[in-house]
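> Coordinates in coords03.cif, mmCIF, C-alpha atoms, are listed below.
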```cif
data_protein
#
loop_
_atom_site.group_PDB
_atom_site.id
_atom_site.type_symbol
_atom_site.label_atom_id
_atom_site.label_comp_id
_atom_site.auth_asym_id
_atom_site.auth_seq_id
_atom_site.Cartn_x
_atom_site.Cartn_y
_atom_site.Cartn_z
ATOM 1 C CA MET F 1 -43.251 36.579 -23.910
ATOM 2 C CA ALA F 2 -40.127 34.519 -23.207
ATOM 3 C CA MET F 3 -40.013 31.082 -24.830
ATOM 4 C CA SER F 4 -40.052 28.206 -22.346
ATOM 5 C CA THR F 5 -37.042 25.905 -22.099
ATOM 6 C CA SER F 6 -39.102 22.888 -23.173
ATOM 7 C CA LEU F 7 -40.386 24.693 -26.265
ATOM 8 C CA ARG F 8 -36.895 25.848 -27.228
ATOM 9 C CA ALA F 9 -35.524 22.327 -26.777
ATOM 10 C CA SER F 10 -38.347 20.848 -28.864
ATOM 11 C CA LEU F 11 -37.814 23.383 -31.661
ATOM 12 C CA LEU F 12 -34.079 22.663 -31.590
ATOM 13 C CA MET F 13 -34.754 18.929 -31.946
ATOM 14 C CA ALA F 14 -37.098 19.585 -34.879
ATOM 15 C CA ALA F 15 -34.444 21.845 -36.430
ATOM 16 C CA SER F 16 -31.806 19.147 -36.022
ATOM 17 C CA MET F 17 -34.003 16.622 -37.850
ATOM 18 C CA ALA F 18 -34.530 19.165 -40.642
ATOM 19 C CA GLY F 19 -30.762 19.651 -40.847
ATOM 20 C CA PHE F 20 -30.061 15.922 -41.065
ATOM 21 C CA THR F 21 -32.797 15.376 -43.668
ATOM 22 C CA PHE F 22 -31.680 18.266 -45.893
ATOM 23 C CA ASN F 23 -28.140 16.881 -45.652
ATOM 24 C CA ASP F 24 -29.397 13.499 -46.862
ATOM 25 C CA ALA F 25 -31.405 15.089 -49.678
ATOM 26 C CA LEU F 26 -28.390 17.028 -50.953
ATOM 27 C CA ILE F 27 -26.262 13.862 -50.932
ATOM 28 C CA LYS F 28 -28.959 11.954 -52.817
ATOM 29 C CA SER F 29 -29.216 14.768 -55.366
ATOM 30 C CA LEU F 30 -25.704 13.860 -56.517
ATOM 31 C CA GLY F 31 -27.311 10.727 -57.911
ATOM 32 C CA GLY F 32 -24.454 8.401 -57.106
ATOM 33 C CA ALA F 33 -22.169 10.277 -59.537
ATOM 34 C CA TYR F 34 -19.363 9.956 -56.983
ATOM 35 C CA GLY F 35 -18.345 7.001 -54.862
ATOM 36 C CA ALA F 36 -19.268 6.798 -51.191
ATOM 37 C CA GLY F 37 -15.608 7.162 -50.223
ATOM 38 C CA GLN F 38 -15.208 10.416 -52.158
ATOM 39 C CA VAL F 39 -18.411 11.821 -50.681
ATOM 40 C CA MET F 40 -17.292 10.894 -47.155
ATOM 41 C CA LEU F 41 -13.844 12.433 -47.695
ATOM 42 C CA VAL F 42 -14.927 15.753 -49.229
ATOM 43 C CA ARG F 43 -17.882 16.304 -46.920
ATOM 44 C CA GLY F 44 -15.755 15.273 -43.943
ATOM 45 C CA ALA F 45 -13.018 17.759 -44.872
ATOM 46 C CA ILE F 46 -15.577 20.573 -44.971
ATOM 47 C CA MET F 47 -17.051 19.395 -41.659
ATOM 48 C CA LEU F 48 -13.572 19.389 -40.107
ATOM 49 C CA LEU F 49 -13.162 23.013 -41.145
ATOM 50 C CA PHE F 50 -16.472 23.944 -39.480
ATOM 51 C CA LEU F 51 -15.660 22.008 -36.303
ATOM 52 C CA THR F 52 -12.134 23.439 -36.024
ATOM 53 C CA VAL F 53 -13.356 27.011 -36.413
ATOM 54 C CA TYR F 54 -16.151 26.426 -33.877
ATOM 55 C CA ILE F 55 -13.775 24.906 -31.314
ATOM 56 C CA ARG F 56 -11.284 27.757 -31.668
ATOM 57 C CA VAL F 57 -13.887 30.544 -31.551
ATOM 58 C CA ALA F 58 -15.789 28.991 -28.617
ATOM 59 C CA GLY F 59 -12.578 28.103 -26.787
ATOM 60 C CA VAL F 60 -13.690 24.499 -26.243
ATOM 61 C CA PRO F 61 -11.024 22.343 -24.507
ATOM 62 C CA VAL F 62 -9.950 19.274 -26.512
ATOM 63 C CA PRO F 63 -8.740 16.535 -24.099
ATOM 64 C CA LEU F 64 -7.880 13.997 -26.806
ATOM 65 C CA LYS F 65 -6.230 11.474 -24.483
ATOM 66 C CA LYS F 66 -9.278 11.311 -22.210
ATOM 67 C CA ALA F 67 -11.646 11.080 -25.184
ATOM 68 C CA MET F 68 -9.884 8.155 -26.883
ATOM 69 C CA THR F 69 -11.481 5.214 -25.101
ATOM 70 C CA GLY F 70 -12.745 1.805 -26.156
ATOM 71 C CA ALA F 71 -16.274 3.220 -26.299
ATOM 72 C CA MET F 72 -15.056 5.945 -28.650
ATOM 73 C CA ALA F 73 -13.509 3.305 -30.922
ATOM 74 C CA LEU F 74 -16.824 1.412 -31.057
ATOM 75 C CA ARG F 75 -18.725 4.650 -31.688
ATOM 76 C CA THR F 76 -16.409 5.527 -34.556
ATOM 77 C CA MET F 77 -16.719 2.065 -36.062
ATOM 78 C CA GLY F 78 -20.505 2.226 -35.893
ATOM 79 C CA GLU F 79 -20.600 5.710 -37.429
ATOM 80 C CA GLY F 80 -18.189 4.824 -40.233
ATOM 81 C CA LEU F 81 -19.744 1.522 -41.296
ATOM 82 C CA GLY F 82 -23.249 2.915 -40.850
ATOM 83 C CA THR F 83 -22.385 5.871 -43.111
ATOM 84 C CA VAL F 84 -21.085 3.582 -45.871
ATOM 85 C CA LEU F 85 -24.241 1.440 -45.824
ATOM 86 C CA PHE F 86 -26.497 4.478 -45.540
ATOM 87 C CA LEU F 87 -24.998 6.137 -48.624
ATOM 88 C CA TYR F 88 -25.278 2.869 -50.531
ATOM 89 C CA ALA F 89 -28.974 2.613 -49.652
ATOM 90 C CA LEU F 90 -29.656 6.332 -50.150
ATOM 91 C CA PHE F 91 -28.392 6.299 -53.742
ATOM 92 C CA HIS F 92 -30.637 3.359 -54.706
ATOM 93 C CA MET F 93 -33.814 3.514 -52.584
ATOM 94 C CA PRO F 94 -36.697 6.019 -52.409
ATOM 95 C CA PHE F 95 -35.781 8.814 -50.027
ATOM 96 C CA ALA F 96 -38.807 8.438 -47.727
ATOM 97 C CA ASN F 97 -38.349 4.650 -47.488
ATOM 98 C CA VAL F 98 -34.804 4.999 -46.175
ATOM 99 C CA SER F 99 -35.874 7.646 -43.673
ATOM 100 C CA ALA F 100 -38.873 5.602 -42.526
ATOM 101 C CA VAL F 101 -36.718 2.562 -41.718
ATOM 102 C CA LEU F 102 -34.266 4.771 -39.810
ATOM 103 C CA GLN F 103 -37.126 5.866 -37.528
ATOM 104 C CA ALA F 104 -36.775 2.423 -35.933
ATOM 105 C CA LEU F 105 -33.406 3.461 -34.473
ATOM 106 C CA PRO F 106 -34.765 4.531 -31.042
ATOM 107 C CA LEU F 107 -36.517 1.151 -30.744
ATOM 108 C CA ALA F 108 -33.330 -0.677 -31.736
ATOM 109 C CA VAL F 109 -31.334 1.311 -29.164
ATOM 110 C CA THR F 110 -33.863 0.413 -26.449
ATOM 111 C CA LEU F 111 -33.559 -3.273 -27.353
ATOM 112 C CA GLY F 112 -29.767 -3.045 -27.495
ATOM 113 C CA ALA F 113 -29.647 -1.372 -24.088
ATOM 114 C CA ALA F 114 -31.647 -4.279 -22.650
ATOM 115 C CA LEU F 115 -29.433 -6.919 -24.284
ATOM 116 C CA PHE F 116 -25.981 -5.398 -23.832
ATOM 117 C CA LEU F 117 -26.234 -2.746 -21.108
ATOM 118 C CA ARG F 118 -28.636 -4.736 -18.906
ATOM 119 C CA GLU F 119 -31.147 -1.918 -18.734
ATOM 120 C CA ARG F 120 -34.592 -3.092 -17.627
ATOM 121 C CA VAL F 121 -37.175 -3.091 -20.399
ATOM 122 C CA GLY F 122 -40.694 -4.226 -19.527
ATOM 123 C CA ILE F 123 -42.992 -6.395 -21.590
ATOM 124 C CA ARG F 124 -44.925 -3.386 -22.902
ATOM 125 C CA ARG F 125 -41.855 -1.701 -24.322
ATOM 126 C CA LEU F 126 -40.658 -5.010 -25.746
ATOM 127 C CA SER F 127 -44.062 -5.400 -27.406
ATOM 128 C CA ALA F 128 -43.740 -1.891 -28.861
ATOM 129 C CA ILE F 129 -40.316 -2.824 -30.260
ATOM 130 C CA VAL F 130 -41.735 -5.944 -31.927
ATOM 131 C CA VAL F 131 -44.618 -3.964 -33.438
ATOM 132 C CA GLY F 132 -42.195 -1.281 -34.614
ATOM 133 C CA PHE F 133 -40.063 -3.839 -36.429
ATOM 134 C CA LEU F 134 -43.206 -5.206 -38.075
ATOM 135 C CA GLY F 135 -43.599 -1.697 -39.460
ATOM 136 C CA VAL F 136 -40.056 -1.965 -40.854
ATOM 137 C CA LEU F 137 -41.020 -5.224 -42.581
ATOM 138 C CA LEU F 138 -43.955 -3.461 -44.239
ATOM 139 C CA ILE F 139 -41.532 -0.970 -45.754
ATOM 140 C CA ILE F 140 -38.788 -3.336 -46.955
ATOM 141 C CA ARG F 141 -41.208 -6.236 -47.732
ATOM 142 C CA PRO F 142 -38.967 -9.318 -47.577
ATOM 143 C CA GLY F 143 -39.875 -11.893 -50.200
ATOM 144 C CA MET F 144 -41.368 -9.222 -52.462
ATOM 145 C CA GLU F 145 -39.915 -7.222 -55.337
ATOM 146 C CA GLY F 146 -39.116 -4.252 -53.104
ATOM 147 C CA PHE F 147 -36.716 -6.288 -50.969
ATOM 148 C CA ASN F 148 -33.136 -6.252 -52.245
ATOM 149 C CA ILE F 149 -29.553 -5.672 -51.163
ATOM 150 C CA TYR F 150 -30.287 -1.971 -50.693
ATOM 151 C CA ALA F 151 -32.979 -2.786 -48.140
ATOM 152 C CA LEU F 152 -30.399 -4.924 -46.331
ATOM 153 C CA ALA F 153 -28.029 -1.949 -46.432
ATOM 154 C CA VAL F 154 -30.493 0.345 -44.649
ATOM 155 C CA LEU F 155 -31.119 -2.372 -42.042
ATOM 156 C CA GLY F 156 -27.350 -2.576 -41.579
ATOM 157 C CA THR F 157 -27.338 1.192 -41.105
ATOM 158 C CA VAL F 158 -29.793 0.817 -38.202
ATOM 159 C CA LEU F 159 -27.614 -1.939 -36.702
ATOM 160 C CA PHE F 160 -24.391 0.095 -36.806
ATOM 161 C CA ALA F 161 -26.139 3.299 -35.715
ATOM 162 C CA THR F 162 -27.445 1.361 -32.705
ATOM 163 C CA MET F 163 -23.887 0.308 -31.878
ATOM 164 C CA ARG F 164 -22.816 3.950 -32.190
ATOM 165 C CA ASP F 165 -25.548 5.210 -29.857
ATOM 166 C CA LEU F 166 -24.970 2.489 -27.253
ATOM 167 C CA ALA F 167 -21.253 3.256 -27.254
ATOM 168 C CA THR F 168 -22.069 6.963 -26.860
ATOM 169 C CA ARG F 169 -23.684 6.170 -23.502
ATOM 170 C CA ARG F 170 -20.284 4.951 -22.274
ATOM 171 C CA LEU F 171 -18.298 8.036 -23.313
ATOM 172 C CA PRO F 172 -16.658 10.159 -20.568
ATOM 173 C CA ALA F 173 -19.213 12.704 -19.374
ATOM 174 C CA ASP F 174 -16.607 15.401 -18.689
ATOM 175 C CA VAL F 175 -15.432 15.610 -22.319
ATOM 176 C CA PRO F 176 -17.300 18.167 -24.504
ATOM 177 C CA SER F 177 -19.579 16.554 -27.088
ATOM 178 C CA ILE F 178 -17.983 18.543 -29.906
ATOM 179 C CA VAL F 179 -14.707 16.685 -29.276
ATOM 180 C CA PHE F 180 -16.360 13.355 -30.050
ATOM 181 C CA SER F 181 -17.874 14.886 -33.191
ATOM 182 C CA LEU F 182 -14.390 16.031 -34.206
ATOM 183 C CA LEU F 183 -12.803 12.616 -33.666
ATOM 184 C CA THR F 184 -15.656 10.842 -35.439
ATOM 185 C CA THR F 185 -15.398 13.180 -38.426
ATOM 186 C CA VAL F 186 -11.648 12.550 -38.689
ATOM 187 C CA ALA F 187 -12.192 8.789 -38.570
ATOM 188 C CA VAL F 188 -15.048 8.778 -41.122
ATOM 189 C CA SER F 189 -13.096 11.049 -43.484
ATOM 190 C CA THR F 190 -10.090 8.742 -43.200
ATOM 191 C CA MET F 191 -12.300 5.745 -43.957
ATOM 192 C CA GLY F 192 -13.590 7.577 -47.012
ATOM 193 C CA ALA F 193 -10.036 8.226 -48.204
ATOM 194 C CA VAL F 194 -9.117 4.554 -47.770
ATOM 195 C CA MET F 195 -12.225 3.483 -49.699
ATOM 196 C CA MET F 196 -11.541 5.988 -52.449
ATOM 197 C CA PHE F 197 -7.894 5.120 -53.029
ATOM 198 C CA GLY F 198 -8.543 1.431 -52.421
ATOM 199 C CA GLY F 199 -11.150 0.974 -55.117
ATOM 200 C CA ASP F 200 -13.702 3.755 -55.642
ATOM 201 C CA GLY F 201 -11.162 6.122 -57.161
ATOM 202 C CA TRP F 202 -11.371 9.903 -57.525
ATOM 203 C CA ARG F 203 -13.722 11.461 -60.035
ATOM 204 C CA PRO F 204 -13.267 15.115 -61.017
ATOM 205 C CA MET F 205 -15.888 17.193 -59.214
ATOM 206 C CA SER F 206 -17.775 20.101 -60.698
ATOM 207 C CA LEU F 207 -18.156 23.325 -58.755
ATOM 208 C CA SER F 208 -21.855 22.588 -58.270
ATOM 209 C CA ALA F 209 -21.015 19.181 -56.739
ATOM 210 C CA VAL F 210 -18.531 20.771 -54.330
ATOM 211 C CA MET F 211 -21.106 23.396 -53.357
ATOM 212 C CA THR F 212 -23.684 20.645 -52.859
ATOM 213 C CA LEU F 213 -21.353 18.841 -50.453
ATOM 214 C CA ALA F 214 -20.580 22.156 -48.719
ATOM 215 C CA GLY F 215 -24.315 22.683 -48.233
ATOM 216 C CA SER F 216 -24.628 19.105 -47.008
ATOM 217 C CA ALA F 217 -21.854 19.648 -44.469
ATOM 218 C CA THR F 218 -23.506 22.899 -43.330
ATOM 219 C CA PHE F 219 -26.838 21.188 -42.681
ATOM 220 C CA LEU F 220 -25.071 18.267 -40.988
ATOM 221 C CA PHE F 221 -23.171 20.645 -38.693
ATOM 222 C CA MET F 222 -26.436 22.448 -37.897
ATOM 223 C CA GLY F 223 -28.111 19.138 -37.117
ATOM 224 C CA TYR F 224 -25.361 18.036 -34.741
ATOM 225 C CA GLN F 225 -25.264 21.336 -32.859
ATOM 226 C CA CYS F 226 -29.063 21.598 -32.554
ATOM 227 C CA ILE F 227 -29.459 18.062 -31.236
ATOM 228 C CA ILE F 228 -26.688 18.582 -28.675
ATOM 229 C CA LEU F 229 -28.347 21.788 -27.430
ATOM 230 C CA ALA F 230 -31.778 20.146 -27.397
ATOM 231 C CA MET F 231 -30.573 17.221 -25.301
ATOM 232 C CA ARG F 232 -28.734 19.498 -22.886
ATOM 233 C CA ILE F 233 -31.486 22.012 -22.128
ATOM 234 C CA GLY F 234 -34.587 19.811 -22.432
ATOM 235 C CA GLU F 235 -35.855 16.594 -20.907
ATOM 236 C CA ILE F 236 -35.396 13.547 -23.122
ATOM 237 C CA ALA F 237 -39.063 12.598 -22.759
ATOM 238 C CA THR F 238 -40.072 16.053 -24.006
ATOM 239 C CA VAL F 239 -37.737 16.431 -26.981
ATOM 240 C CA ALA F 240 -37.409 12.825 -28.198
ATOM 241 C CA PRO F 241 -40.820 12.702 -29.983
ATOM 242 C CA PHE F 242 -39.652 15.533 -32.237
ATOM 243 C CA ARG F 243 -37.092 13.140 -33.753
ATOM 244 C CA TYR F 244 -39.926 11.779 -35.847
ATOM 245 C CA THR F 245 -40.381 15.100 -37.656
ATOM 246 C CA GLY F 246 -37.499 13.873 -39.803
ATOM 247 C CA LEU F 247 -39.883 11.470 -41.537
ATOM 248 C CA LEU F 248 -42.222 14.336 -42.435
ATOM 249 C CA TRP F 249 -39.303 16.263 -43.923
ATOM 250 C CA ALA F 250 -38.193 13.162 -45.852
ATOM 251 C CA ILE F 251 -41.639 12.628 -47.374
ATOM 252 C CA LEU F 252 -41.906 16.310 -48.320
ATOM 253 C CA LEU F 253 -38.409 16.557 -49.829
ATOM 254 C CA GLY F 254 -38.849 13.228 -51.609
ATOM 255 C CA ILE F 255 -41.978 14.537 -53.343
ATOM 256 C CA ILE F 256 -40.602 18.004 -54.173
ATOM 257 C CA PHE F 257 -37.057 17.172 -55.301
ATOM 258 C CA PHE F 258 -37.183 13.553 -56.432
ATOM 259 C CA GLY F 259 -40.800 13.088 -57.474
ATOM 260 C CA GLU F 260 -41.106 10.122 -55.109
ATOM 261 C CA ILE F 261 -44.571 9.585 -53.672
ATOM 262 C CA PRO F 262 -44.557 6.946 -50.894
ATOM 263 C CA ASP F 263 -46.983 4.089 -51.440
ATOM 264 C CA ALA F 264 -49.620 3.049 -48.922
ATOM 265 C CA LEU F 265 -47.528 0.285 -47.309
ATOM 266 C CA THR F 266 -44.589 2.632 -46.769
ATOM 267 C CA LEU F 267 -46.831 5.233 -45.120
ATOM 268 C CA LEU F 268 -48.480 2.546 -42.990
ATOM 269 C CA GLY F 269 -45.154 1.051 -41.961
ATOM 270 C CA GLY F 270 -43.724 4.475 -41.098
ATOM 271 C CA SER F 271 -46.813 5.307 -39.035
ATOM 272 C CA ILE F 272 -46.507 2.034 -37.113
ATOM 273 C CA ILE F 273 -42.816 2.692 -36.380
ATOM 274 C CA VAL F 274 -43.503 6.224 -35.146
ATOM 275 C CA ALA F 275 -46.479 5.149 -33.025
ATOM 276 C CA SER F 276 -44.462 2.289 -31.492
ATOM 277 C CA GLY F 277 -41.577 4.627 -30.713
ATOM 278 C CA LEU F 278 -43.840 7.171 -29.069
ATOM 279 C CA TYR F 279 -45.523 4.461 -26.982
ATOM 280 C CA ALA F 280 -42.155 3.045 -25.891
ATOM 281 C CA LEU F 281 -41.087 6.554 -24.905
ATOM 282 C CA TYR F 282 -44.324 7.033 -22.964
ATOM 283 C CA ARG F 283 -43.788 3.756 -21.083
ATOM 284 C CA GLU F 284 -40.214 4.736 -20.283
ATOM 285 C CA ARG F 285 -41.464 7.982 -18.802
ATOM 286 C CA VAL F 286 -44.103 6.166 -16.716
ATOM 287 C CA VAL F 287 -41.532 3.690 -15.370
ATOM 288 C CA SER F 288 -39.088 6.505 -14.545
ATOM 289 C CA ARG F 289 -41.761 8.410 -12.618
ATOM 290 C CA ARG F 290 -42.707 5.305 -10.636
ATOM 291 C CA ALA F 291 -39.070 4.642 -9.784
ATOM 292 C CA ALA F 292 -38.602 8.235 -8.665
ATOM 293 C CA SER F 293 -41.734 8.065 -6.488
ATOM 294 C CA ALA F 294 -40.564 4.784 -4.955
ATOM 295 C CA ASN F 295 -37.176 6.301 -4.126
ATOM 296 C CA ILE F 296 -38.816 9.304 -2.483
ATOM 297 C CA SER F 297 -41.087 7.039 -0.448
ATOM 298 C CA ALA F 298 -38.161 4.872 0.631
ATOM 299 C CA ALA F 299 -36.214 7.932 1.749
ATOM 300 C CA SER F 300 -39.129 9.369 3.764
ATOM 301 C CA PRO F 301 -39.255 8.517 7.490
ATOM 302 C CA PRO F 302 -42.185 6.360 8.728
ATOM 303 C CA PRO F 303 -45.229 8.275 10.095
ATOM 304 C CA GLY F 304 -44.689 9.506 13.641
ATOM 305 C CA ARG F 305 -40.873 9.234 13.474
ATOM 306 C CA GLY F 306 -40.135 12.427 11.639
ATOM 307 C CA THR F 307 -38.625 15.407 13.344
#
```
What would you get if you wrote out this structure as structure tokens?

Amino acid sequence: MAMSTSLRASLLMAASMAGFTFNDALIKSLGGAYGAGQVMLVRGAIMLLFLTVYIRVAGVPVPLKKAMTGAMALRTMGEGLGTVLFLYALFHMPFANVSAVLQALPLAVTLGAALFLRERVGIRRLSAIVVGFLGVLLIIRPGMEGFNIYALAVLGTVLFATMRDLATRRLPADVPSIVFSLLTTVAVSTMGAVMMFGGDGWRPMSLSAVMTLAGSATFLFMGYQCIILAMRIGEIATVAPFRYTGLLWAILLGIIFFGEIPDALTLLGGSIIVASGLYALYRERVVSRRAASANISAASPPPGRGT
């Protein structure tokens, strides 16, 4: 029996989250032995090799002039700064905690779209966003021992990732997505080189460390390609809930590889974030259906005047 398009898209989204989470786990396994700049540079160089080979084999056009817009500059800035803060948090916080806070990203993007892109967000979705951020507070626990500069770093990651995703909505639609991935990888790798030579310095890398970063780049490449395919062949409302499978992977990998068992507040906070995100997505789908029905009704001729 042939697999339905929706099922394939959902499985691709789940696979992309697995790819991203395994990438994070491999980076964390380095234990902070290398600076963030060195990690960004080496992993980025390997990613550039993958992307270049893919573009050449697939014959993807690369309209660099059309791709280099103000939105692309903002996207690159968000990706670069978010990566720096993410690595800083990842090396010092429990794996599942970092992942759980990042689940608030869809809620943050919805709020950002309302504030900066003037997209309409109703009171119910706003309420879901507020509840979701309460879940974040349960995880980072401001005013308690668990709250520190690393918790601020993961919050900064959400902020810059939100800027990246909002800028992505303003990218030229006729430029292949892989081109933006290529430009972003170049920019992030360059930022890593600047950080490394400007302060972090270069530390000799063992073969196992290089192979770890190669595996990280492989999973990251897989994640990017799967999420692009998922978003292109499936409806957003269908595939978006499968983003939250990343938290399940993070909890599992945290237990198996790092011996980190999330406490009750972390699990509760993560559950609240996921539930709030799913509800916000549900409300968005309801509003979209109502708008579509209203447009159809407005376009239909009054009774008795049709042909």
> With the PyMOL selection byres ((chain F and resi 213) around 10) as the selection, what would be picked from this file? Answer as a ChimeraX atom specification, please.
/F:23,26-27,30,39-40,42-44,46-47,207-212,214-219
> Please, could you write that set of residues out with C-alpha atoms as a PDB file, keeping the file's coordinate frame?

```pdb
ATOM      1  CA  ASN F  23     -28.140  16.881 -45.652  1.00  0.00           C
ATOM      2  CA  LEU F  26     -28.390  17.028 -50.953  1.00  0.00           C
ATOM      3  CA  ILE F  27     -26.262  13.862 -50.932  1.00  0.00           C
ATOM      4  CA  LEU F  30     -25.704  13.860 -56.517  1.00  0.00           C
ATOM      5  CA  VAL F  39     -18.411  11.821 -50.681  1.00  0.00           C
ATOM      6  CA  MET F  40     -17.292  10.894 -47.155  1.00  0.00           C
ATOM      7  CA  VAL F  42     -14.927  15.753 -49.229  1.00  0.00           C
ATOM      8  CA  ARG F  43     -17.882  16.304 -46.920  1.00  0.00           C
ATOM      9  CA  GLY F  44     -15.755  15.273 -43.943  1.00  0.00           C
ATOM     10  CA  ILE F  46     -15.577  20.573 -44.971  1.00  0.00           C
ATOM     11  CA  MET F  47     -17.051  19.395 -41.659  1.00  0.00           C
ATOM     12  CA  LEU F 207     -18.156  23.325 -58.755  1.00  0.00           C
ATOM     13  CA  SER F 208     -21.855  22.588 -58.270  1.00  0.00           C
ATOM     14  CA  ALA F 209     -21.015  19.181 -56.739  1.00  0.00           C
ATOM     15  CA  VAL F 210     -18.531  20.771 -54.330  1.00  0.00           C
ATOM     16  CA  MET F 211     -21.106  23.396 -53.357  1.00  0.00           C
ATOM     17  CA  THR F 212     -23.684  20.645 -52.859  1.00  0.00           C
ATOM     18  CA  ALA F 214     -20.580  22.156 -48.719  1.00  0.00           C
ATOM     19  CA  GLY F 215     -24.315  22.683 -48.233  1.00  0.00           C
ATOM     20  CA  SER F 216     -24.628  19.105 -47.008  1.00  0.00           C
ATOM     21  CA  ALA F 217     -21.854  19.648 -44.469  1.00  0.00           C
ATOM     22  CA  THR F 218     -23.506  22.899 -43.330  1.00  0.00           C
ATOM     23  CA  PHE F 219     -26.838  21.188 -42.681  1.00  0.00           C
TER      24      PHE F 219
END
```
> Could you tell me which residues the PyMOL selection byres ((chain F and resi 190-199) around 7) grabs in this file, written as a list in words?
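Those residues are Gly37, Gln38, Met40, Leu41, Val186, Ala187, Val188, Ser189, Asp200, Gly201 and Trp202 of chain F.
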> Expand the PyMOL selection byres ((chain F and resi 160-167) around 6) into the individual residues it matches in the shown file, reporting them as a ChimeraX atom specification.
/F:71,75,78-79,82,109,157-159,168-170
> Would you mind reading off the distance between atom CA of Ile55 of chain F and atom CA of Ser6 of chain F, one decimal, in Å?
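Between atom CA of Ile55 of chain F and atom CA of Ser6 of chain F the gap is 26.7 Å.
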> Check the smallest atom-to-atom distance from each of F:Gly269, F:Gly246, F:Gly156, F:Gly254 to Thr83 of chain F using only C-alpha atoms, then report the winner.
F:Gly156
> Which residues come within 9 Å of Phe221 of chain F, counting only C-alpha atoms, excluding same-chain residues fewer than 6 positions away, as a short mmCIF file (atom, residue, chain, number, x, y, z; two decimals) with C-alpha atoms, keeping the file's coordinate frame?

```cif
data_model
loop_
_atom_site.label_atom_id
_atom_site.label_comp_id
_atom_site.auth_asym_id
_atom_site.auth_seq_id
_atom_site.Cartn_x
_atom_site.Cartn_y
_atom_site.Cartn_z
CA GLY F 19 -30.76 19.65 -40.85
CA PHE F 20 -30.06 15.92 -41.06
CA MET F 47 -17.05 19.40 -41.66
CA PHE F 50 -16.47 23.94 -39.48
CA LEU F 51 -15.66 22.01 -36.30
#
```
> Go ahead and compute the interatomic distance for atom CA of Ala230 of chain F and atom CA of Leu81 of chain F, in Å to one decimal.
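These atoms are spaced 26.2 Å apart.
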> Just need the box for segment 84-89 of chain F, edges along x, y and z, holding every atom the file lists for it with 4 Å tacked onto each side, so centre and edge lengths in Å to one decimal, as lines of an AutoDock Vina configuration file.

```
center_x = -25.0
center_y = 3.8
center_z = -48.0
size_x = 15.9
size_y = 12.7
size_z = 13.0
```
> Which one of F:Met231, F:Ile123, F:Val53, F:Leu137 sits closest to Met13 of chain F if you count only C-alpha atoms?
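Result for the nearest residue to Met13 of chain F: F:Met231.
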> Provide the atom CA of Ala33 of chain F to atom CA of Thr185 of chain F distance in Å, to one decimal place.
22.4 Å
> How would segment 145-154 of chain F look written as a tab-separated table (two decimals), in the first residue's frame with N, CA, C and O atoms?

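What ended up in result36.tsv:
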```
chain	number	residue	atom	x	y	z
F	145	GLU	N	18.09	27.95	42.46
F	145	GLU	CA	19.47	27.54	42.19
F	145	GLU	C	19.68	27.17	40.73
F	145	GLU	O	20.75	27.35	40.17
F	146	GLY	N	18.63	26.64	40.08
F	146	GLY	CA	18.77	26.20	38.70
F	146	GLY	C	18.88	27.33	37.70
F	146	GLY	O	19.21	27.11	36.54
F	147	PHE	N	18.59	28.56	38.13
F	147	PHE	CA	18.63	29.69	37.20
F	147	PHE	C	20.01	30.32	37.24
F	147	PHE	O	20.50	30.72	38.29
F	148	ASN	N	20.66	30.41	36.09
F	148	ASN	CA	21.99	30.98	36.00
F	148	ASN	C	22.21	31.56	34.61
F	148	ASN	O	21.26	31.65	33.81
F	149	ILE	N	23.44	31.94	34.32
F	149	ILE	CA	23.74	32.57	33.04
F	149	ILE	C	23.50	31.62	31.87
F	149	ILE	O	23.19	32.03	30.75
F	150	TYR	N	23.59	30.31	32.14
F	150	TYR	CA	23.35	29.34	31.07
F	150	TYR	C	21.87	29.28	30.71
F	150	TYR	O	21.53	29.09	29.53
F	151	ALA	N	21.01	29.44	31.71
F	151	ALA	CA	19.58	29.51	31.43
F	151	ALA	C	19.26	30.75	30.60
F	151	ALA	O	18.42	30.72	29.69
F	152	LEU	N	19.95	31.86	30.90
F	152	LEU	CA	19.77	33.07	30.09
F	152	LEU	C	20.25	32.84	28.66
F	152	LEU	O	19.67	33.36	27.71
F	153	ALA	N	21.31	32.03	28.52
F	153	ALA	CA	21.83	31.74	27.18
F	153	ALA	C	20.82	30.99	26.34
F	153	ALA	O	20.64	31.29	25.15
F	154	VAL	N	20.13	30.01	26.93
F	154	VAL	CA	19.15	29.25	26.15
F	154	VAL	C	17.94	30.11	25.83
F	154	VAL	O	17.32	29.98	24.76
```
